[in-house]
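A.B. asks: Supplied structure: input_35.txt, compact mmCIF, C-alpha atoms.
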```txt
# COMPACT_ATOMS: atom_id res chain seq x y z
CA MET A 20 -4.21 -1.87 27.25
CA ASP A 21 -2.48 1.27 28.48
CA ILE A 22 -1.02 3.52 25.83
CA SER A 23 0.45 6.99 25.73
CA PHE A 24 1.01 9.14 22.69
CA SER A 25 1.18 12.76 21.74
CA VAL A 26 -1.94 14.25 20.16
CA ASN A 27 -1.36 17.68 18.63
CA GLY A 28 1.57 18.15 21.01
CA GLU A 29 -0.28 17.07 24.14
CA ILE A 30 0.77 13.84 25.88
CA THR A 31 -2.31 11.65 26.16
CA TYR A 32 -2.80 8.52 28.27
CA LEU A 33 -5.53 6.10 27.29
CA GLN A 34 -6.77 2.67 28.22
CA VAL A 35 -8.06 0.96 25.09
CA GLU A 36 -9.28 -2.38 23.86
CA PRO A 37 -6.86 -3.78 21.21
CA ARG A 38 -9.54 -3.60 18.53
CA ARG A 39 -10.11 0.14 19.09
CA THR A 40 -8.97 1.95 15.96
CA LEU A 41 -6.88 5.09 16.24
CA ALA A 42 -9.80 6.96 14.64
CA ASP A 43 -12.25 5.80 17.32
CA ALA A 44 -9.73 6.52 20.08
CA LEU A 45 -9.29 10.08 18.81
CA ARG A 46 -13.02 10.66 18.45
CA GLU A 47 -14.46 8.76 21.40
CA ASP A 48 -11.66 8.79 23.98
CA CYS A 49 -9.93 12.09 23.19
CA GLY A 50 -13.11 13.91 22.16
CA LEU A 51 -11.45 15.07 18.94
CA THR A 52 -14.35 14.59 16.56
CA GLY A 53 -12.72 16.53 13.73
CA THR A 54 -11.30 13.28 12.38
CA HIS A 55 -14.20 11.86 10.38
CA LEU A 56 -15.02 8.23 9.67
CA GLY A 57 -16.56 7.54 6.30
CA CYS A 58 -16.06 3.99 5.11
CA GLU A 59 -14.08 2.58 8.06
CA HIS A 60 -12.11 0.31 5.77
CA GLY A 61 -9.48 2.49 4.21
CA VAL A 62 -11.13 3.64 1.01
CA CYS A 63 -12.45 7.17 1.54
CA GLY A 64 -9.56 8.94 3.28
CA ALA A 65 -11.79 11.04 5.57
CA CYS A 66 -9.95 9.81 8.67
CA THR A 67 -6.45 10.71 7.43
CA VAL A 68 -4.19 11.98 10.24
CA LEU A 69 -0.43 12.39 10.50
CA VAL A 70 1.44 9.77 12.55
CA ASP A 71 5.01 10.89 13.20
CA GLY A 72 4.58 13.32 10.33
CA GLU A 73 3.40 10.71 7.79
CA PRO A 74 -0.19 10.55 6.59
CA ALA A 75 -2.06 7.43 7.71
CA ARG A 76 -5.63 6.26 7.61
CA ALA A 77 -6.70 6.31 11.26
CA CYS A 78 -9.31 3.61 10.61
CA LEU A 79 -6.59 1.16 9.48
CA MET A 80 -4.43 1.60 12.55
CA PHE A 81 -5.21 0.32 15.99
CA ALA A 82 -4.79 2.79 18.83
CA VAL A 83 -2.38 0.37 20.54
CA GLN A 84 -0.09 0.76 17.52
CA ALA A 85 0.05 4.51 18.08
CA ASP A 86 1.70 3.98 21.49
CA GLY A 87 4.73 6.26 21.69
CA THR A 88 3.97 8.11 18.45
CA SER A 89 3.11 11.70 17.75
CA VAL A 90 -0.28 12.19 16.07
CA THR A 91 -1.51 15.36 14.40
CA THR A 92 -5.22 15.76 13.70
CA ILE A 93 -7.25 18.50 12.06
CA GLU A 94 -7.60 20.12 15.51
CA GLY A 95 -3.82 20.68 15.48
CA LEU A 96 -3.91 22.69 12.29
CA GLU A 97 -5.05 26.12 13.44
CA GLY A 98 -2.74 28.44 15.36
CA THR A 99 -2.88 28.70 19.16
CA ASP A 100 -4.74 32.00 18.78
CA GLY A 101 -7.43 30.33 16.68
CA GLN A 102 -5.98 31.70 13.46
CA LEU A 103 -6.84 29.39 10.56
CA HIS A 104 -3.98 27.65 8.77
CA PRO A 105 -3.30 29.02 5.24
CA LEU A 106 -4.70 25.74 3.85
CA GLN A 107 -7.93 26.23 5.77
CA GLU A 108 -8.13 29.85 4.60
CA ALA A 109 -7.62 28.71 1.01
CA PHE A 110 -10.32 26.01 1.27
CA VAL A 111 -12.75 28.71 2.44
CA ALA A 112 -11.71 31.19 -0.25
CA HIS A 113 -11.72 28.71 -3.14
CA HIS A 114 -14.82 26.72 -2.32
CA GLY A 115 -12.81 23.64 -1.41
CA LEU A 116 -15.73 22.17 0.51
CA GLN A 117 -19.47 21.92 0.52
CA CYS A 118 -20.76 19.53 3.17
CA GLY A 119 -17.34 19.38 4.85
CA PHE A 120 -17.34 15.69 5.68
CA CYS A 121 -14.18 14.87 3.70
CA THR A 122 -12.45 18.15 4.55
CA PRO A 123 -10.42 17.09 7.63
CA GLY A 124 -8.86 14.24 5.67
CA MET A 125 -8.35 16.47 2.63
CA LEU A 126 -6.55 19.05 4.76
CA MET A 127 -4.27 16.54 6.46
CA SER A 128 -3.30 14.97 3.12
CA ALA A 129 -2.76 18.43 1.61
CA LEU A 130 -0.67 19.48 4.62
CA HIS A 131 1.67 16.54 4.11
CA LEU A 132 1.79 17.19 0.36
CA LEU A 133 2.83 20.84 0.77
CA ASP A 134 5.30 19.89 3.54
CA THR A 135 7.06 17.42 1.27
CA ASP A 136 6.54 19.16 -2.09
CA PRO A 137 5.93 22.92 -1.66
CA ASP A 138 6.08 23.42 -5.45
CA ALA A 139 3.55 20.73 -6.35
CA ASP A 140 1.85 21.44 -9.68
CA ARG A 141 -1.82 20.74 -10.38
CA GLU A 142 -1.14 17.28 -11.74
CA THR A 143 0.86 16.31 -8.65
CA ILE A 144 -1.85 17.74 -6.41
CA ARG A 145 -4.51 15.65 -8.21
CA ASP A 146 -2.31 12.55 -7.97
CA GLU A 147 -1.54 13.01 -4.29
CA MET A 148 -5.12 13.86 -3.34
CA SER A 149 -6.56 10.87 -5.20
CA GLY A 150 -6.75 8.91 -1.93
CA ASN A 151 -9.33 11.29 -0.51
CA ILE A 152 -12.86 11.05 -1.85
CA CYS A 153 -15.22 14.03 -2.01
CA ARG A 154 -18.80 13.59 -3.17
CA CYS A 155 -19.72 17.29 -3.41
CA THR A 156 -17.17 19.60 -4.92
CA GLY A 157 -16.00 17.85 -8.07
CA TYR A 158 -12.45 18.42 -6.74
CA GLN A 159 -11.80 21.54 -8.82
CA GLY A 160 -12.13 23.87 -5.82
CA ILE A 161 -9.97 21.57 -3.71
CA VAL A 162 -7.12 21.60 -6.25
CA ASP A 163 -7.51 25.41 -6.59
CA ALA A 164 -7.34 25.80 -2.81
CA ILE A 165 -4.22 23.70 -2.41
CA GLU A 166 -2.50 25.51 -5.25
CA ALA A 167 -3.39 28.87 -3.67
CA ALA A 168 -2.26 27.70 -0.22
CA SER A 169 1.04 26.60 -1.71
CA SER A 170 1.76 30.14 -2.94
CA ALA A 171 0.47 31.70 0.28
CA MET A 172 2.67 29.44 2.43
CA LYS A 173 5.74 30.29 0.37
CA GLN A 174 5.19 34.02 0.91
CA HIS A 175 5.12 33.58 4.69
CA MET B 18 -17.98 -1.83 10.92
CA LYS B 19 -15.76 -2.57 13.90
CA CYS B 20 -13.46 -5.57 14.16
CA ALA B 21 -14.39 -8.54 16.31
CA PRO B 22 -12.32 -8.71 19.54
CA PHE B 23 -8.82 -10.21 19.39
CA ASP B 24 -5.78 -10.61 21.62
CA TYR B 25 -2.93 -8.33 20.69
CA VAL B 26 0.76 -9.17 21.01
CA CYS B 27 3.38 -6.58 20.12
CA ALA B 28 6.34 -8.81 19.24
CA ASN B 29 9.97 -7.81 19.74
CA SER B 30 11.63 -10.58 17.72
CA VAL B 31 10.96 -12.93 14.83
CA GLU B 32 11.24 -15.87 17.29
CA GLU B 33 8.43 -14.36 19.36
CA VAL B 34 6.23 -13.92 16.27
CA VAL B 35 6.73 -17.55 15.25
CA LYS B 36 6.07 -18.75 18.82
CA VAL B 37 2.84 -16.77 19.19
CA LEU B 38 1.62 -17.91 15.75
CA GLY B 39 2.40 -21.51 16.71
CA GLU B 40 0.47 -21.21 19.97
CA ALA B 41 -2.49 -19.66 18.11
CA ASP B 42 -2.66 -22.91 16.11
CA GLY B 43 -3.84 -21.41 12.83
CA ASP B 44 -5.98 -18.73 14.42
CA GLY B 45 -3.29 -16.02 14.55
CA LYS B 46 -2.51 -13.33 12.02
CA ILE B 47 0.51 -11.10 11.52
CA LEU B 48 -0.26 -7.39 11.67
CA ALA B 49 2.28 -5.37 9.67
CA GLY B 50 1.09 -2.30 7.75
CA GLY B 51 -2.52 -3.38 8.20
CA GLN B 52 -3.64 -1.87 4.90
CA SER B 53 -5.16 -5.14 3.69
CA LEU B 54 -5.68 -7.00 6.97
CA VAL B 55 -7.56 -4.29 8.86
CA PRO B 56 -10.23 -3.83 6.14
CA VAL B 57 -10.70 -7.62 6.15
CA LEU B 58 -11.16 -7.49 9.94
CA ALA B 59 -13.41 -4.42 9.78
CA LEU B 60 -15.67 -6.14 7.26
CA ARG B 61 -15.55 -9.24 9.49
CA MET B 62 -14.42 -11.41 6.63
CA ALA B 63 -11.92 -12.82 9.13
CA ARG B 64 -11.83 -12.89 12.91
CA PRO B 65 -8.49 -14.25 14.11
CA SER B 66 -8.16 -14.73 17.86
CA VAL B 67 -4.64 -13.26 18.01
CA LEU B 68 -2.92 -10.46 16.11
CA VAL B 69 0.87 -10.37 16.30
CA ASP B 70 2.10 -6.86 15.60
CA VAL B 71 5.51 -7.07 13.91
CA ASN B 72 6.02 -3.32 13.42
CA ARG B 73 8.49 -3.09 16.31
CA VAL B 74 10.58 -6.14 15.41
CA PRO B 75 14.04 -4.68 14.73
CA GLY B 76 16.14 -5.27 11.61
CA MET B 77 13.47 -5.74 8.95
CA GLY B 78 13.10 -2.18 7.69
CA ARG B 79 16.17 -1.98 5.46
CA ILE B 80 16.80 -2.07 1.72
CA ARG B 81 20.19 -3.58 0.89
CA PRO B 82 21.73 -3.72 -2.58
CA VAL B 83 23.73 -6.92 -3.07
CA GLU B 84 25.44 -8.46 -6.10
CA GLY B 85 22.82 -8.56 -8.90
CA ALA B 86 19.86 -8.06 -6.58
CA VAL B 87 18.29 -5.95 -3.87
CA GLU B 88 17.29 -7.39 -0.51
CA VAL B 89 14.19 -5.81 0.93
CA GLY B 90 13.28 -6.31 4.59
CA ALA B 91 9.72 -7.45 5.26
CA LEU B 92 8.86 -4.21 7.05
CA VAL B 93 10.05 -1.88 4.28
CA ARG B 94 7.12 0.43 3.51
CA HIS B 95 5.92 1.00 -0.04
CA SER B 96 6.90 4.67 0.34
CA GLN B 97 10.51 3.53 0.97
CA LEU B 98 10.42 1.43 -2.19
CA VAL B 99 9.26 4.48 -4.15
CA GLU B 100 12.13 6.56 -2.76
CA GLN B 101 14.98 4.05 -3.24
CA THR B 102 17.06 4.06 -6.43
CA HIS B 103 18.74 0.63 -6.24
CA HIS B 104 15.89 -1.19 -7.98
CA PRO B 105 14.07 1.10 -10.45
CA LEU B 106 11.42 -1.51 -11.35
CA LEU B 107 10.45 -1.87 -7.68
CA ALA B 108 10.28 1.92 -7.32
CA GLU B 109 8.02 2.24 -10.35
CA ALA B 110 5.74 -0.63 -9.26
CA ALA B 111 5.45 0.73 -5.71
CA ARG B 112 4.27 4.11 -7.04
CA TRP B 113 1.16 2.33 -8.30
CA ILE B 114 0.20 0.88 -4.91
CA GLY B 115 -2.83 2.63 -3.41
CA HIS B 116 -2.32 6.19 -2.23
CA THR B 117 0.28 8.07 -0.18
CA ALA B 118 -1.42 7.36 3.17
CA ILE B 119 -1.47 3.65 2.25
CA ARG B 120 2.12 3.53 1.01
CA THR B 121 3.40 5.05 4.26
CA ARG B 122 2.04 2.05 6.18
CA GLY B 123 1.85 -0.93 3.80
CA THR B 124 4.85 -3.28 3.83
CA THR B 125 6.69 -5.43 1.29
CA GLY B 126 6.39 -8.62 3.35
CA GLY B 127 2.72 -7.93 3.99
CA SER B 128 1.86 -7.39 0.35
CA ILE B 129 3.66 -10.57 -0.71
CA ALA B 130 2.12 -12.65 2.10
CA HIS B 131 -1.37 -11.29 1.43
CA ALA B 132 -1.06 -12.54 -2.19
CA ASP B 133 -3.81 -10.39 -3.65
CA PRO B 134 -4.18 -11.30 -7.35
CA SER B 135 -4.32 -7.62 -8.32
CA ALA B 136 -1.45 -6.40 -6.13
CA GLU B 137 1.73 -5.04 -7.73
CA LEU B 138 4.55 -6.54 -5.66
CA PRO B 139 3.62 -10.22 -6.19
CA VAL B 140 3.74 -9.61 -9.97
CA VAL B 141 7.16 -7.99 -9.68
CA ALA B 142 8.31 -10.86 -7.42
CA VAL B 143 7.34 -13.52 -9.96
CA GLY B 144 8.45 -11.24 -12.79
CA VAL B 145 12.08 -10.98 -11.67
CA GLY B 146 12.23 -14.41 -10.02
CA ALA B 147 12.41 -13.11 -6.45
CA SER B 148 12.79 -15.33 -3.42
CA ALA B 149 11.45 -14.85 0.08
CA THR B 150 13.29 -15.66 3.28
CA VAL B 151 10.79 -17.29 5.58
CA ALA B 152 11.23 -17.84 9.31
CA GLY B 153 9.49 -20.71 11.07
CA PRO B 154 9.81 -22.88 14.19
CA THR B 155 12.76 -24.81 12.75
CA GLY B 156 14.66 -21.81 11.40
CA GLU B 157 14.75 -20.08 8.05
CA ARG B 158 14.06 -21.35 4.54
CA THR B 159 14.03 -19.73 1.13
CA VAL B 160 10.95 -19.89 -1.07
CA ALA B 161 10.94 -18.91 -4.75
CA ALA B 162 8.16 -16.47 -5.68
CA ASP B 163 6.54 -18.86 -8.15
CA GLU B 164 6.27 -21.48 -5.41
CA LEU B 165 4.92 -18.99 -2.89
CA PHE B 166 1.67 -17.98 -4.58
CA VAL B 167 -0.83 -20.85 -4.53
CA SER B 168 -4.15 -19.14 -5.18
CA ALA B 169 -5.93 -15.84 -4.58
CA LEU B 170 -4.92 -14.71 -1.06
CA VAL B 171 -3.32 -18.12 -0.44
CA THR B 172 0.42 -18.80 -0.14
CA SER B 173 2.47 -21.90 0.60
CA LEU B 174 3.49 -20.40 3.97
CA ASP B 175 2.59 -22.40 7.06
CA ASP B 176 0.43 -20.84 9.77
CA ASP B 177 3.47 -20.32 11.99
CA GLU B 178 5.78 -18.93 9.33
CA MET B 179 6.67 -15.34 8.55
CA ILE B 180 8.37 -13.64 5.61
CA VAL B 181 11.38 -11.73 6.99
CA GLY B 182 12.78 -10.43 3.70
CA VAL B 183 12.55 -10.67 -0.07
CA ARG B 184 15.43 -10.80 -2.54
CA PHE B 185 14.56 -9.14 -5.85
CA PRO B 186 17.07 -9.82 -8.69
CA LEU B 187 17.94 -6.71 -10.72
CA PRO B 188 16.72 -6.93 -14.30
CA THR B 189 19.01 -5.63 -17.04
CA ARG B 190 15.99 -4.24 -18.91
CA TRP B 191 12.50 -3.79 -17.54
CA GLY B 192 9.09 -2.30 -18.24
CA PHE B 193 6.00 -1.88 -16.10
CA ALA B 194 2.44 -1.11 -17.20
CA GLU B 195 -0.78 -1.14 -15.26
CA PHE B 196 -4.40 -0.38 -16.01
CA SER B 197 -6.86 0.61 -13.32
CA ARG B 198 -10.14 2.50 -13.49
CA ARG B 199 -8.92 5.40 -11.37
CA HIS B 200 -5.53 6.37 -9.97
CA GLY B 201 -4.78 4.24 -6.92
CA ASP B 202 -7.54 1.72 -7.56
CA PHE B 203 -6.85 -1.98 -7.61
CA ALA B 204 -5.28 -2.94 -10.91
CA LEU B 205 -7.38 -4.61 -13.56
CA VAL B 206 -4.20 -5.81 -15.26
CA THR B 207 -0.52 -5.35 -14.42
CA ALA B 208 2.28 -6.34 -16.79
CA VAL B 209 5.92 -6.68 -15.78
CA VAL B 210 8.68 -7.22 -18.32
CA ALA B 211 12.07 -8.08 -16.85
CA GLU B 212 15.21 -9.31 -18.52
CA VAL B 213 16.97 -11.57 -16.03
CA ASP B 214 20.00 -13.73 -16.89
CA GLY B 215 19.55 -12.91 -20.58
CA ARG B 216 15.94 -14.06 -20.79
CA VAL B 217 13.02 -11.67 -21.14
CA ARG B 218 10.28 -12.66 -18.70
CA ILE B 219 6.71 -11.40 -19.09
CA THR B 220 4.42 -11.64 -16.07
CA LEU B 221 0.80 -10.60 -15.72
CA GLY B 222 -1.22 -9.73 -12.63
CA GLY B 223 -5.00 -9.52 -12.38
CA VAL B 224 -5.69 -12.14 -15.06
CA ALA B 225 -5.56 -15.23 -12.83
CA ALA B 226 -5.60 -16.16 -9.13
CA VAL B 227 -1.82 -15.74 -8.96
CA PRO B 228 0.74 -13.78 -11.03
CA GLN B 229 1.04 -15.59 -14.34
CA ARG B 230 4.06 -15.86 -16.65
CA ALA B 231 3.14 -15.33 -20.32
CA LEU B 232 5.38 -18.15 -21.54
CA ALA B 233 4.06 -18.23 -25.10
CA ALA B 234 4.71 -14.50 -25.42
CA GLU B 235 8.21 -14.98 -24.01
CA GLN B 236 8.82 -17.64 -26.65
CA VAL B 237 7.67 -15.23 -29.38
CA LEU B 238 10.37 -12.82 -28.24
CA ALA B 239 12.96 -15.58 -27.99
CA ASP B 240 12.12 -16.36 -31.65
CA GLU B 241 12.80 -12.71 -32.49
CA GLY B 242 9.12 -11.71 -32.75
CA THR B 243 8.01 -8.13 -32.20
CA ALA B 244 6.43 -6.58 -29.11
CA HIS B 245 3.16 -6.52 -31.02
CA ASP B 246 3.33 -10.27 -31.74
CA ALA B 247 4.28 -11.04 -28.14
CA ALA B 248 1.37 -8.93 -26.87
CA ARG B 249 -1.04 -10.89 -29.08
CA ALA B 250 0.40 -14.17 -27.84
CA ALA B 251 0.02 -13.03 -24.22
CA ALA B 252 -3.62 -12.03 -24.78
CA ALA B 253 -4.31 -15.41 -26.37
CA GLU B 254 -2.65 -17.57 -23.70
CA ILE B 255 -4.43 -16.18 -20.65
CA ASP B 256 -7.88 -17.14 -19.42
CA PRO B 257 -9.18 -14.16 -17.44
CA THR B 258 -12.49 -14.31 -15.61
CA ALA B 259 -15.17 -11.65 -15.83
CA ASP B 260 -16.31 -9.57 -12.89
CA LEU B 261 -18.15 -6.30 -12.51
CA HIS B 262 -14.96 -4.39 -13.35
CA GLY B 263 -14.56 -5.94 -16.77
CA SER B 264 -15.59 -8.78 -19.06
CA ALA B 265 -13.15 -11.54 -20.01
CA PRO B 266 -12.60 -10.21 -23.58
CA PHE B 267 -11.98 -6.72 -22.16
CA ARG B 268 -9.37 -8.02 -19.72
CA ARG B 269 -7.77 -10.05 -22.48
CA ALA B 270 -7.49 -6.97 -24.68
CA ILE B 271 -6.14 -4.82 -21.85
CA ALA B 272 -3.62 -7.53 -20.93
CA GLY B 273 -2.27 -7.59 -24.48
CA GLU B 274 -1.94 -3.83 -24.55
CA MET B 275 -0.24 -3.71 -21.13
CA VAL B 276 2.28 -6.31 -22.30
CA ARG B 277 2.97 -4.25 -25.43
CA ARG B 278 3.47 -1.06 -23.40
CA ALA B 279 5.70 -2.78 -20.82
CA LEU B 280 7.82 -4.24 -23.63
CA VAL B 281 8.17 -0.86 -25.32
CA ARG B 282 9.15 0.69 -21.99
CA ALA B 283 11.78 -2.02 -21.65
CA GLY B 284 13.13 -0.94 -25.05
CA ILE B 285 11.85 -4.06 -26.80
CA GLU B 286 9.90 -3.26 -29.95
```
Could I get this file's structure written as C-alpha cells?

C.D. replies:
Amino acid sequence: MDISFSVNGEITYLQVEPRRTLADALREDCGLTGTHLGCEHGVCGACTVLVDGEPARACLMFAVQADGTSVTTIEGLEGTDGQLHPLQEAFVAHHGLQCGFCTPGMLMSALHLLDTDPDADRETIRDEMSGNICRCTGYQGIVDAIEAASSAMKQH
Amino acid sequence: MKCAPFDYVCANSVEEVVKVLGEADGDGKILAGGQSLVPVLALRMARPSVLVDVNRVPGMGRIRPVEGAVEVGALVRHSQLVEQTHHPLLAEAARWIGHTAIRTRGTTGGSIAHADPSAELPVVAVGVGASATVAGPTGERTVAADELFVSALVTSLDDDEMIVGVRFPLPTRWGFAEFSRRHGDFALVTAVVAEVDGRVRITLGGVAAVPQRALAAEQVLADEGTAHDAARAAAAEIDPTADLHGSAPFRRAIAGEMVRRALVRAGIE
C-alpha cells in the first residue's frame, strides 16, 4: 500500500505491506534505526515515538495507520546544527543510560512528559516513565536526568 | 515476532465495517487502538485474514454527558477518559490502564470488546450497569454489560457486529481500588464500588473469567453491615484460580482488601 507521512518534518512516501509495523517502516524503509525494537509486543517501550505529538508504541501501530500523520523519532530530537537536546544533555550528564538500548524510547516518553507537564515532580516522572523498561541503570539516573532537563528547559 | 500477512481495509463508516466483517465470515478483526490486538497478532496467537481499521470512522470519538449517564464513543481513547470530568469513576479507572503511550491509542470500545478478565473498563461497565450500542447487519441493538461478557476474551457479539458506543450510568457514590505488581501492569484484582439507583454494587475484576458482582457482599451492606464485613463476604464468595502471579488464597485476600478500600473511598465504612 502507498502511504505518505511526515517523519521529523520531512514528507516521506513509502510502499508497505499492511503487516509492516511503523517501527519496522522507520527502521528498514526510512533507515532511521534510532527507534529500537525490544519486545515487539508493546511491553518494553523502546520503540516509543510521537505520532501527531502523542507518544505511541511504534511496534503496536501498522505503518499504513500512520498515513497522513506527523511522526517524531529520536533522530528529530537534536537541533539542525547537531546540538543535543537538553534532555539528551541531561541523560549524558546524569548517567541516564548504560547500554543505551532503551534510551530512544526513554527520551521520547520524557519529551512528551516535559511538553505536557514542565513542572513534573519525581513521583510524576517515575509514574510517567513506568512504561519504559531499562535493564541497566536502576532508573535513578534517568529520573535525575529528566528532573535536571526540566529545570534546564525552563531556563531557556 | 512479526504478524502473519492480512488484508487491510481502512473503513470510512460503521456500515462498511459491518459489511467487511460479514464478508470475512468470522475471519475478520476490528483494528481500533491495537494495544491488545497487535500483540496477539505479533505473537501469532491469532491470524485473521482481514483487519478492518476503524480509526477513521467519523463520529465515534466523543464523550457526551446525558441525563444520569455519560455516553462514550467507541473510539474514545483512554487518555480522553482520564482527562474528562463528567464521569469521575471512569477517569480514575482509565488512569490505571497501561502506560501513557498505551492510553493515547487504546479505545473504550476496543477494551470492552476484547473482554480481558483483568482489564479495568469491563469491570467499570458491569459495576455501573453500562450498556453498549452494537451495530450489525440489521441495524443497532443495545446490550447490557452483564450480558456482553461471556468468558475470558469472549463476548456475546456476533462476528459481524461492532460496538459503536457505551453508556455508563453516573454513580452517586463510587470507589475504585486495584492491585498490580508494578505500576501499569495487568491488574491482579480490581474492585469497583458504585451506588446506582440507590443500590451499592460491588464488582470485581481479575478473580473470574468475566467481571463478577459480589452479591453476598452487596447484601451485607444492604443489611447495614460494615465495609469490613462486606469485604470478608466478597473474599468468601469468589473462587479465584491460581497462576504464576498469585495463589488462590492470595487473590482472595487481595480481593477482600480491594473491596474494603473501594468501599472506604466511596465513603462507606

A.B. asks: Could you jot down the CA of Leu79 in chain A to CA of Val167 in chain B separation for me, Å, one decimal place?

C.D. replies: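 About the pair CA of Leu79 in chain A and CA of Val167 in chain B: they are 26.7 Å apart.
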
A.B. asks: Excluding same-chain residues fewer than 2 positions from range 98-110 of chain A, what lies within 6 Å of it counting only C-alpha atoms, as a list in words?

C.D. replies: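 Surrounding residues, per the criterion: Ala112, His113, His114, Gly115, Ala164 and Ala168 of chain A.
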
A.B. asks: Pull C-alpha atoms from the residues just selected and write them as a compact mmCIF listing (two decimals), in the frame of the given file.

C.D. replies:
```
# COMPACT_ATOMS: atom_id res chain seq x y z
CA ALA A 112 -11.71 31.19 -0.25
CA HIS A 113 -11.72 28.71 -3.14
CA HIS A 114 -14.82 26.72 -2.32
CA GLY A 115 -12.81 23.64 -1.41
CA ALA A 164 -7.34 25.80 -2.81
CA ALA A 168 -2.26 27.70 -0.22
```

A.B. asks: Residues near Glu94 in chain A, anyone? I mean within 8 Å using only C-alpha atoms, not counting same-chain ones fewer than 4 positions away, as a ChimeraX atom specification.

C.D. replies: /A:27,51,53

A.B. asks: Could you tell me which of A:His55, A:Arg141, A:Lys173, A:Arg39 comes closest to chain B if we count only C-alpha atoms?

C.D. replies: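 Of A:His55, A:Arg141, A:Lys173, A:Arg39, the one nearest chain B is A:Arg39, counting only C-alpha atoms.
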
A.B. asks: Using only C-alpha atoms for the distances, tell me which of B:Glu235, B:Glu32, B:Glu241, B:Glu40 is nearest to Val151 in chain B.

C.D. replies: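 Closest candidate: B:Glu32.
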
A.B. asks: Distance cut-off 10 Å, counting all atoms listed in the file - which residues of chain A neighbour chain B? Return them as JSON, numbers by chain.

C.D. replies: {"A": [20, 36, 37, 38, 39, 40, 43, 58, 59, 60, 61, 62, 64, 67, 68, 69, 70, 73, 74, 75, 76, 77, 78, 79, 80, 81, 83, 84, 128, 131, 132, 145, 146, 147, 148, 149, 150, 151]}

A.B. asks: For a test of reading the model, state the distance in Å between CA of Arg190 in chain B and CA of Arg268 in chain B, rounded to one decimal.

C.D. replies: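 These atoms are spaced 25.7 Å apart.
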
A.B. asks: Once you add 8 Å to each side, what are the centre and edge lengths of the axis-aligned box holding all listed atoms of range 78-95 of chain A? One decimal in Å, as JSON, if you can.

C.D. replies:
```
{"center_x": -2.3, "center_y": 10.5, "center_z": 15.6, "size_x": 30.0, "size_y": 36.4, "size_z": 28.2}
```

A.B. asks: Which residue out of B:Ala130, B:Val217, B:Ala253, B:Val141 has the minimum interatomic distance to Glu178 in chain B when all atoms listed in the file are used?

C.D. replies: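 Checking each of B:Ala130, B:Val217, B:Ala253, B:Val141 against Glu178 in chain B, counting all atoms listed in the file, the winner is B:Ala130.
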
A.B. asks: Name all residues at most 10 Å from Glu157 in chain B (count all atoms listed in the file; drop same-chain ones fewer than 3 positions away) and give them as a list in words.

C.D. replies: Thr150, Val151, Ala152, Gly153, Pro154, Val160, Glu178, Met179, Ile180 and Val181 of chain B

A.B. asks: Which distance in Å separates CA of Phe196 in chain B and CA of Leu106 in chain B, to one decimal?

C.D. replies: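 CA of Phe196 in chain B sits 16.5 Å away from CA of Leu106 in chain B.
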
A.B. asks: Which of these, B:Ala161, B:Val143, B:Leu261, B:Ala91, has the shortest distance to Val209 in chain B once you count only C-alpha atoms?

C.D. replies: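 Once distances to Val209 in chain B are computed over only C-alpha atoms, the minimum belongs to B:Val143.
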
A.B. asks: Within 8 Å of range 277-279 of chain B, counting all atoms listed in the file, which residues show up once you throw out same-chain ones fewer than 6 positions away? Write them as a ChimeraX atom specification, please.

C.D. replies: /B:191-194,208-210,244-245,247-248

A.B. asks: Go ahead and write the residues just picked, C-alpha atoms, as a CSV table (one decimal), in the coordinates of the input.

C.D. replies:
```
chain,number,residue,atom,x,y,z
B,191,TRP,CA,12.5,-3.8,-17.5
B,192,GLY,CA,9.1,-2.3,-18.2
B,193,PHE,CA,6.0,-1.9,-16.1
B,194,ALA,CA,2.4,-1.1,-17.2
B,208,ALA,CA,2.3,-6.3,-16.8
B,209,VAL,CA,5.9,-6.7,-15.8
B,210,VAL,CA,8.7,-7.2,-18.3
B,244,ALA,CA,6.4,-6.6,-29.1
B,245,HIS,CA,3.2,-6.5,-31.0
B,247,ALA,CA,4.3,-11.0,-28.1
B,248,ALA,CA,1.4,-8.9,-26.9
```

A.B. asks: List the neighbours of Val99 in chain B out to 6 Å using all atoms listed in the file; skip same-chain residues closer than 4 positions along the sequence, and give me the result as a VMD selection string.

C.D. replies: chain B and resid 108 111 to 112

A.B. asks: Once you count all atoms listed in the file, which residues end up no further than 9 Å from (1.4, -11.8, 12.1) in the file's frame, shown as a list in words?

C.D. replies: Val34, Val35, Val37, Leu38, Gly45, Lys46, Ile47, Leu48, Ala49, Val67, Leu68, Val69, Asp70, Val71, Asp177, Glu178 and Met179 of chain B
